[in-house]
Amino acid sequence: MLQFLISDKDLRHTPVAQTEIALAGGCRWIHIPSGLSQNELDSIESLCRQSGAFLTVDDDVALTDKRRFHGVLLNAGHEKSATEVRAGLGAHAVVGVEVDDAAMLPSLMKNDIDYAVFDVDRNGMERAVEFAGESGMRHVPLVARGCRLTRENIMTLMSAGFNGILTASDSLESALPTEFLKSLTDELHTRF
């Protein structure tokens with residue numbers, strides 16, 4: 001599964017254009033940063049609803065609840081606990097939590113958390129592969145996040161045991177980003 005990470009720092013493609021590229025490339029899960037403008041939010045939400053794609057946001061629980069987005073990803077240092085967020089949003093919301101320690105995974109399952117995100121940019125590829133191995137029996141799906149993950153790195157992470165990837169930048173730097181994403185999503189579906 002490929003989650004497309006929208007950037008508000010990409011100067012070549014607006015967040016809305018990134019969403020259009022991702023959806024045209026076959027992505028069915030769009031993840032946005034908090035802090036986008038009202039117009040950007042409206043457009044991205046509309047595009048996701050029209051295409052049937054999941055829409056999640058970084059940390060902004062209030063926005064997720066107000067707009068009825070599909071869910072939220074709680075990054076390290078979030079002010080509310082995952083248990084509080086789950087209780088507040090209800091069972092219908094998808095709640096992800098950033099983790100660095102595989103020992104946390106059983107408690108996430110107990111607290112009805114839907115997936116765990118491991119930050120490859122911060123921790124490195126070698127540590128990510130180790131983390132997948134340490135996770136042993138799956139308690140929650142594991143997602144590797146990295147802004148500059150290459151196709152080779154993505155396949156390595158998926159082979160190591162991750163269930164999904166949260167990334168974007170490399171695909172947007174391609175000469176044909178929609179085609180790049182289409183080939184990547186097709187390969188992920190075929191191989192995993």
# chains A, B, ... in the order shown; residues from 1 in each chain; ligands from 1
>>> residues_around(residues="A:Val72", least_positions_apart="3", cutoff="6 Å", atoms="only C-alpha atoms", output="count of residues only")
4
>>> select_by_dssp(residues="stretch 60-141 of chain A", states="helix (DSSP H, G or I)", output="PyMOL selection string")
chain A and resi 61-67+82-89+102-110+120-123+125-134
>>> closest_residue(among="A:Lys66, A:Leu188, A:Val61, A:Lys9", to="A:Thr156", atoms="only C-alpha atoms")
A:Leu188
>>> closest_residue(among="A:Glu126, A:Asp112, A:Glu179, A:Asp121", to="A:Val140", atoms="only C-alpha atoms")
A:Asp112
>>> closest_atom_pairs(of="stretch 147-166 of chain A", to="stretch 17-37 of chain A", cutoff="12 Å", atoms="only C-alpha atoms", output="CSV")
residue,atom,partner,partner_atom,distance
A:Gly164,CA,A:Trp29,CA,10.6
A:Ile165,CA,A:Trp29,CA,10.5
A:Leu166,CA,A:His31,CA,8.0
>>> write_last_selection(atoms="all heavy atoms", output="compact mmCIF listing (two decimals), in the first residue's frame")
# COMPACT_ATOMS: atom_id res chain seq x y z
N GLY A 164 3.14 -1.00 4.41
CA GLY A 164 2.87 0.16 3.57
C GLY A 164 4.00 1.16 3.63
O GLY A 164 4.91 1.07 4.45
N ILE A 165 3.91 2.14 2.71
CA ILE A 165 4.92 3.18 2.58
C ILE A 165 4.22 4.52 2.53
O ILE A 165 3.22 4.68 1.82
CB ILE A 165 5.74 2.98 1.28
CG1 ILE A 165 6.40 1.59 1.25
CG2 ILE A 165 6.75 4.10 1.09
CD1 ILE A 165 7.48 1.37 2.29
N LEU A 166 4.74 5.51 3.26
CA LEU A 166 4.23 6.87 3.24
C LEU A 166 5.35 7.75 2.68
O LEU A 166 6.35 8.01 3.35
CB LEU A 166 3.86 7.32 4.66
CG LEU A 166 3.41 8.75 4.90
CD1 LEU A 166 2.17 9.08 4.09
CD2 LEU A 166 3.14 8.98 6.38
>>> atom_distance(atom1="atom CA of A:His78", atom2="atom CA of A:Glu40")
23.8 Å
>>> residues_around(residues="A:Glu130", least_positions_apart="6", cutoff="10 Å", atoms="only C-alpha atoms", output="PDB file with N, CA, C and O atoms, in the first residue's frame")
ATOM      1  N   ALA A 102       9.649  -1.203  18.718  1.00  0.00           N
ATOM      2  CA  ALA A 102       8.710  -2.285  18.416  1.00  0.00           C
ATOM      3  C   ALA A 102       7.977  -2.775  19.661  1.00  0.00           C
ATOM      4  O   ALA A 102       6.880  -3.322  19.558  1.00  0.00           O
ATOM      5  N   ALA A 160      11.107  -6.533   3.963  1.00  0.00           N
ATOM      6  CA  ALA A 160      11.505  -6.696   5.367  1.00  0.00           C
ATOM      7  C   ALA A 160      10.308  -6.905   6.284  1.00  0.00           C
ATOM      8  O   ALA A 160      10.459  -7.364   7.409  1.00  0.00           O
ATOM      9  N   GLY A 161       9.101  -6.536   5.816  1.00  0.00           N
ATOM     10  CA  GLY A 161       7.925  -6.773   6.642  1.00  0.00           C
ATOM     11  C   GLY A 161       7.004  -5.590   6.833  1.00  0.00           C
ATOM     12  O   GLY A 161       5.992  -5.704   7.524  1.00  0.00           O
TER      13      GLY A 161
END
>>> closest_residue(among="A:Ala87, A:Ile6, A:Ser46, A:Gly133", to="A:Thr167", atoms="only C-alpha atoms")
A:Ile6
>>> select_by_dssp(residues="stretch 17-96 of chain A", states="strand (DSSP E)", output="PyMOL selection string")
chain A and resi 29-32+54-58+71-74+94-96
>>> write_last_selection(atoms="N, CA, C and O atoms", output="JSON list (two decimals), in the first residue's frame")
[["chain", "number", "residue", "atom", "x", "y", "z"],
["A", 29, "TRP", "N", -4.62, 6.61, -1.08],
["A", 29, "TRP", "CA", -4.49, 7.10, 0.28],
["A", 29, "TRP", "C", -3.63, 8.37, 0.22],
["A", 29, "TRP", "O", -2.45, 8.32, -0.13],
["A", 30, "ILE", "N", -4.23, 9.49, 0.55],
["A", 30, "ILE", "CA", -3.55, 10.78, 0.55],
["A", 30, "ILE", "C", -3.37, 11.23, 1.99],
["A", 30, "ILE", "O", -4.32, 11.21, 2.78],
["A", 31, "HIS", "N", -2.16, 11.64, 2.32],
["A", 31, "HIS", "CA", -1.86, 12.11, 3.67],
["A", 31, "HIS", "C", -1.37, 13.55, 3.57],
["A", 31, "HIS", "O", -0.42, 13.84, 2.85],
["A", 32, "ILE", "N", -2.02, 14.46, 4.30],
["A", 32, "ILE", "CA", -1.69, 15.88, 4.21],
["A", 32, "ILE", "C", -1.08, 16.40, 5.51],
["A", 32, "ILE", "O", -1.37, 15.87, 6.59],
["A", 54, "PHE", "N", -8.68, 7.46, 0.56],
["A", 54, "PHE", "CA", -8.56, 7.80, 1.97],
["A", 54, "PHE", "C", -7.87, 9.15, 2.10],
["A", 54, "PHE", "O", -6.98, 9.46, 1.32],
["A", 55, "LEU", "N", -8.25, 9.92, 3.12],
["A", 55, "LEU", "CA", -7.61, 11.19, 3.40],
["A", 55, "LEU", "C", -7.32, 11.27, 4.89],
["A", 55, "LEU", "O", -8.23, 11.21, 5.72],
["A", 56, "THR", "N", -6.03, 11.37, 5.22],
["A", 56, "THR", "CA", -5.61, 11.50, 6.60],
["A", 56, "THR", "C", -4.73, 12.74, 6.74],
["A", 56, "THR", "O", -4.19, 13.26, 5.76],
["A", 57, "VAL", "N", -4.58, 13.20, 7.99],
["A", 57, "VAL", "CA", -3.84, 14.44, 8.25],
["A", 57, "VAL", "C", -2.87, 14.22, 9.41],
["A", 57, "VAL", "O", -3.13, 13.41, 10.30],
["A", 58, "ASP", "N", -1.77, 14.96, 9.38],
["A", 58, "ASP", "CA", -0.80, 14.94, 10.48],
["A", 58, "ASP", "C", -1.34, 15.65, 11.70],
["A", 58, "ASP", "O", -1.68, 16.84, 11.62],
["A", 71, "GLY", "N", -8.99, 9.93, 8.86],
["A", 71, "GLY", "CA", -8.21, 9.68, 10.06],
["A", 71, "GLY", "C", -7.08, 10.65, 10.26],
["A", 71, "GLY", "O", -6.94, 11.66, 9.55],
["A", 72, "VAL", "N", -6.24, 10.32, 11.25],
["A", 72, "VAL", "CA", -5.15, 11.19, 11.69],
["A", 72, "VAL", "C", -3.93, 10.34, 12.01],
["A", 72, "VAL", "O", -4.06, 9.20, 12.45],
["A", 73, "LEU", "N", -2.76, 10.91, 11.75],
["A", 73, "LEU", "CA", -1.49, 10.29, 12.15],
["A", 73, "LEU", "C", -0.90, 11.13, 13.28],
["A", 73, "LEU", "O", -0.65, 12.32, 13.10],
["A", 74, "LEU", "N", -0.71, 10.50, 14.43],
["A", 74, "LEU", "CA", -0.13, 11.19, 15.59],
["A", 74, "LEU", "C", 1.38, 11.00, 15.57],
["A", 74, "LEU", "O", 1.87, 9.88, 15.72],
["A", 94, "VAL", "N", -9.57, 6.30, 11.30],
["A", 94, "VAL", "CA", -8.31, 5.56, 11.21],
["A", 94, "VAL", "C", -7.28, 6.36, 11.98],
["A", 94, "VAL", "O", -7.04, 7.53, 11.68],
["A", 95, "VAL", "N", -6.66, 5.73, 12.97],
["A", 95, "VAL", "CA", -5.68, 6.41, 13.81],
["A", 95, "VAL", "C", -4.35, 5.69, 13.68],
["A", 95, "VAL", "O", -4.25, 4.49, 13.94],
["A", 96, "GLY", "N", -3.33, 6.46, 13.27],
["A", 96, "GLY", "CA", -1.97, 5.95, 13.19],
["A", 96, "GLY", "C", -1.11, 6.64, 14.22],
["A", 96, "GLY", "O", -1.40, 7.77, 14.63]]
>>> residues_around(residues="A:Phe192", least_positions_apart="5", cutoff="9 Å", atoms="only C-alpha atoms", output="ChimeraX atom specification")
/A:1,158-159,163,187
>>> decode(residues="stretch 108-145 of chain A", atoms="N, CA and C atoms", output="mmCIF file, in the first residue's frame")
data_model
loop_
_atom_site.group_PDB
_atom_site.id
_atom_site.type_symbol
_atom_site.label_atom_id
_atom_site.label_comp_id
_atom_site.auth_asym_id
_atom_site.auth_seq_id
_atom_site.Cartn_x
_atom_site.Cartn_y
_atom_site.Cartn_z
ATOM 1 N N LEU A 108 -0.495 -0.629 21.164
ATOM 2 C CA LEU A 108 -1.265 0.044 20.120
ATOM 3 C C LEU A 108 -2.480 -0.796 19.719
ATOM 4 N N MET A 109 -2.259 -2.084 19.580
ATOM 5 C CA MET A 109 -3.370 -2.971 19.229
ATOM 6 C C MET A 109 -4.421 -2.965 20.339
ATOM 7 N N LYS A 110 -3.966 -3.014 21.562
ATOM 8 C CA LYS A 110 -4.879 -3.013 22.708
ATOM 9 C C LYS A 110 -5.726 -1.740 22.743
ATOM 10 N N ASN A 111 -5.135 -0.633 22.302
ATOM 11 C CA ASN A 111 -5.827 0.654 22.311
ATOM 12 C C ASN A 111 -6.540 0.956 20.995
ATOM 13 N N ASP A 112 -6.709 -0.054 20.160
ATOM 14 C CA ASP A 112 -7.453 0.069 18.900
ATOM 15 C C ASP A 112 -6.832 1.081 17.942
ATOM 16 N N ILE A 113 -5.504 1.096 17.885
ATOM 17 C CA ILE A 113 -4.790 1.947 16.932
ATOM 18 C C ILE A 113 -4.620 1.138 15.648
ATOM 19 N N ASP A 114 -4.828 1.802 14.509
ATOM 20 C CA ASP A 114 -4.918 1.089 13.235
ATOM 21 C C ASP A 114 -3.587 0.795 12.559
ATOM 22 N N TYR A 115 -2.585 1.652 12.743
ATOM 23 C CA TYR A 115 -1.289 1.393 12.127
ATOM 24 C C TYR A 115 -0.193 2.161 12.849
ATOM 25 N N ALA A 116 1.042 1.680 12.681
ATOM 26 C CA ALA A 116 2.214 2.304 13.282
ATOM 27 C C ALA A 116 3.127 2.802 12.169
ATOM 28 N N VAL A 117 3.668 4.002 12.336
ATOM 29 C CA VAL A 117 4.558 4.601 11.342
ATOM 30 C C VAL A 117 5.969 4.693 11.911
ATOM 31 N N PHE A 118 6.924 4.216 11.128
ATOM 32 C CA PHE A 118 8.339 4.287 11.494
ATOM 33 C C PHE A 118 9.017 5.269 10.551
ATOM 34 N N ASP A 119 9.701 6.280 11.085
ATOM 35 C CA ASP A 119 10.326 7.334 10.286
ATOM 36 C C ASP A 119 11.714 6.904 9.812
ATOM 37 N N VAL A 120 11.801 6.575 8.535
ATOM 38 C CA VAL A 120 13.059 6.106 7.950
ATOM 39 C C VAL A 120 14.053 7.260 7.800
ATOM 40 N N ASP A 121 13.570 8.455 7.484
ATOM 41 C CA ASP A 121 14.473 9.604 7.334
ATOM 42 C C ASP A 121 15.245 9.859 8.623
ATOM 43 N N ARG A 122 14.574 9.774 9.742
ATOM 44 C CA ARG A 122 15.206 10.062 11.035
ATOM 45 C C ARG A 122 16.054 8.891 11.535
ATOM 46 N N ASN A 123 15.579 7.666 11.307
ATOM 47 C CA ASN A 123 16.229 6.497 11.899
ATOM 48 C C ASN A 123 17.142 5.716 10.955
ATOM 49 N N GLY A 124 16.992 5.895 9.650
ATOM 50 C CA GLY A 124 17.842 5.207 8.680
ATOM 51 C C GLY A 124 17.261 3.883 8.201
ATOM 52 N N MET A 125 17.697 3.482 7.010
ATOM 53 C CA MET A 125 17.207 2.251 6.388
ATOM 54 C C MET A 125 17.570 1.018 7.205
ATOM 55 N N GLU A 126 18.813 0.950 7.659
ATOM 56 C CA GLU A 126 19.253 -0.226 8.404
ATOM 57 C C GLU A 126 18.393 -0.428 9.653
ATOM 58 N N ARG A 127 18.157 0.652 10.378
ATOM 59 C CA ARG A 127 17.332 0.567 11.586
ATOM 60 C C ARG A 127 15.892 0.204 11.234
ATOM 61 N N ALA A 128 15.385 0.690 10.092
ATOM 62 C CA ALA A 128 14.017 0.364 9.671
ATOM 63 C C ALA A 128 13.872 -1.132 9.425
ATOM 64 N N VAL A 129 14.842 -1.724 8.763
ATOM 65 C CA VAL A 129 14.800 -3.166 8.504
ATOM 66 C C VAL A 129 14.865 -3.930 9.826
ATOM 67 N N GLU A 130 15.720 -3.478 10.744
ATOM 68 C CA GLU A 130 15.802 -4.097 12.076
ATOM 69 C C GLU A 130 14.463 -3.988 12.805
ATOM 70 N N PHE A 131 13.847 -2.805 12.732
ATOM 71 C CA PHE A 131 12.558 -2.569 13.388
ATOM 72 C C PHE A 131 11.509 -3.557 12.879
ATOM 73 N N ALA A 132 11.441 -3.748 11.578
ATOM 74 C CA ALA A 132 10.478 -4.699 11.009
ATOM 75 C C ALA A 132 10.737 -6.105 11.545
ATOM 76 N N GLY A 133 12.004 -6.487 11.650
ATOM 77 C CA GLY A 133 12.344 -7.803 12.188
ATOM 78 C C GLY A 133 11.991 -7.933 13.658
ATOM 79 N N GLU A 134 12.203 -6.874 14.428
ATOM 80 C CA GLU A 134 11.885 -6.880 15.861
ATOM 81 C C GLU A 134 10.386 -6.949 16.113
ATOM 82 N N SER A 135 9.609 -6.529 15.144
ATOM 83 C CA SER A 135 8.157 -6.467 15.322
ATOM 84 C C SER A 135 7.526 -7.847 15.389
ATOM 85 N N GLY A 136 8.216 -8.845 14.856
ATOM 86 C CA GLY A 136 7.737 -10.217 14.955
ATOM 87 C C GLY A 136 6.301 -10.362 14.503
ATOM 88 N N MET A 137 5.491 -10.973 15.360
ATOM 89 C CA MET A 137 4.071 -11.149 15.052
ATOM 90 C C MET A 137 3.428 -9.772 14.928
ATOM 91 N N ARG A 138 2.696 -9.577 13.880
ATOM 92 C CA ARG A 138 2.078 -8.274 13.632
ATOM 93 C C ARG A 138 0.960 -7.996 14.625
ATOM 94 N N HIS A 139 1.095 -6.872 15.292
ATOM 95 C CA HIS A 139 0.049 -6.407 16.188
ATOM 96 C C HIS A 139 -0.789 -5.355 15.486
ATOM 97 N N VAL A 140 -0.128 -4.509 14.715
ATOM 98 C CA VAL A 140 -0.784 -3.498 13.876
ATOM 99 C C VAL A 140 0.028 -3.415 12.583
ATOM 100 N N PRO A 141 -0.586 -2.993 11.485
ATOM 101 C CA PRO A 141 0.193 -2.820 10.248
ATOM 102 C C PRO A 141 1.304 -1.786 10.438
ATOM 103 N N LEU A 142 2.441 -2.035 9.798
ATOM 104 C CA LEU A 142 3.593 -1.144 9.890
ATOM 105 C C LEU A 142 3.742 -0.351 8.594
ATOM 106 N N VAL A 143 3.945 0.950 8.727
ATOM 107 C CA VAL A 143 4.130 1.830 7.577
ATOM 108 C C VAL A 143 5.471 2.540 7.736
ATOM 109 N N ALA A 144 6.291 2.500 6.693
ATOM 110 C CA ALA A 144 7.573 3.194 6.685
ATOM 111 C C ALA A 144 7.381 4.561 6.043
ATOM 112 N N ARG A 145 7.822 5.608 6.745
ATOM 113 C CA ARG A 145 7.708 6.961 6.201
ATOM 114 C C ARG A 145 9.096 7.499 5.875
#
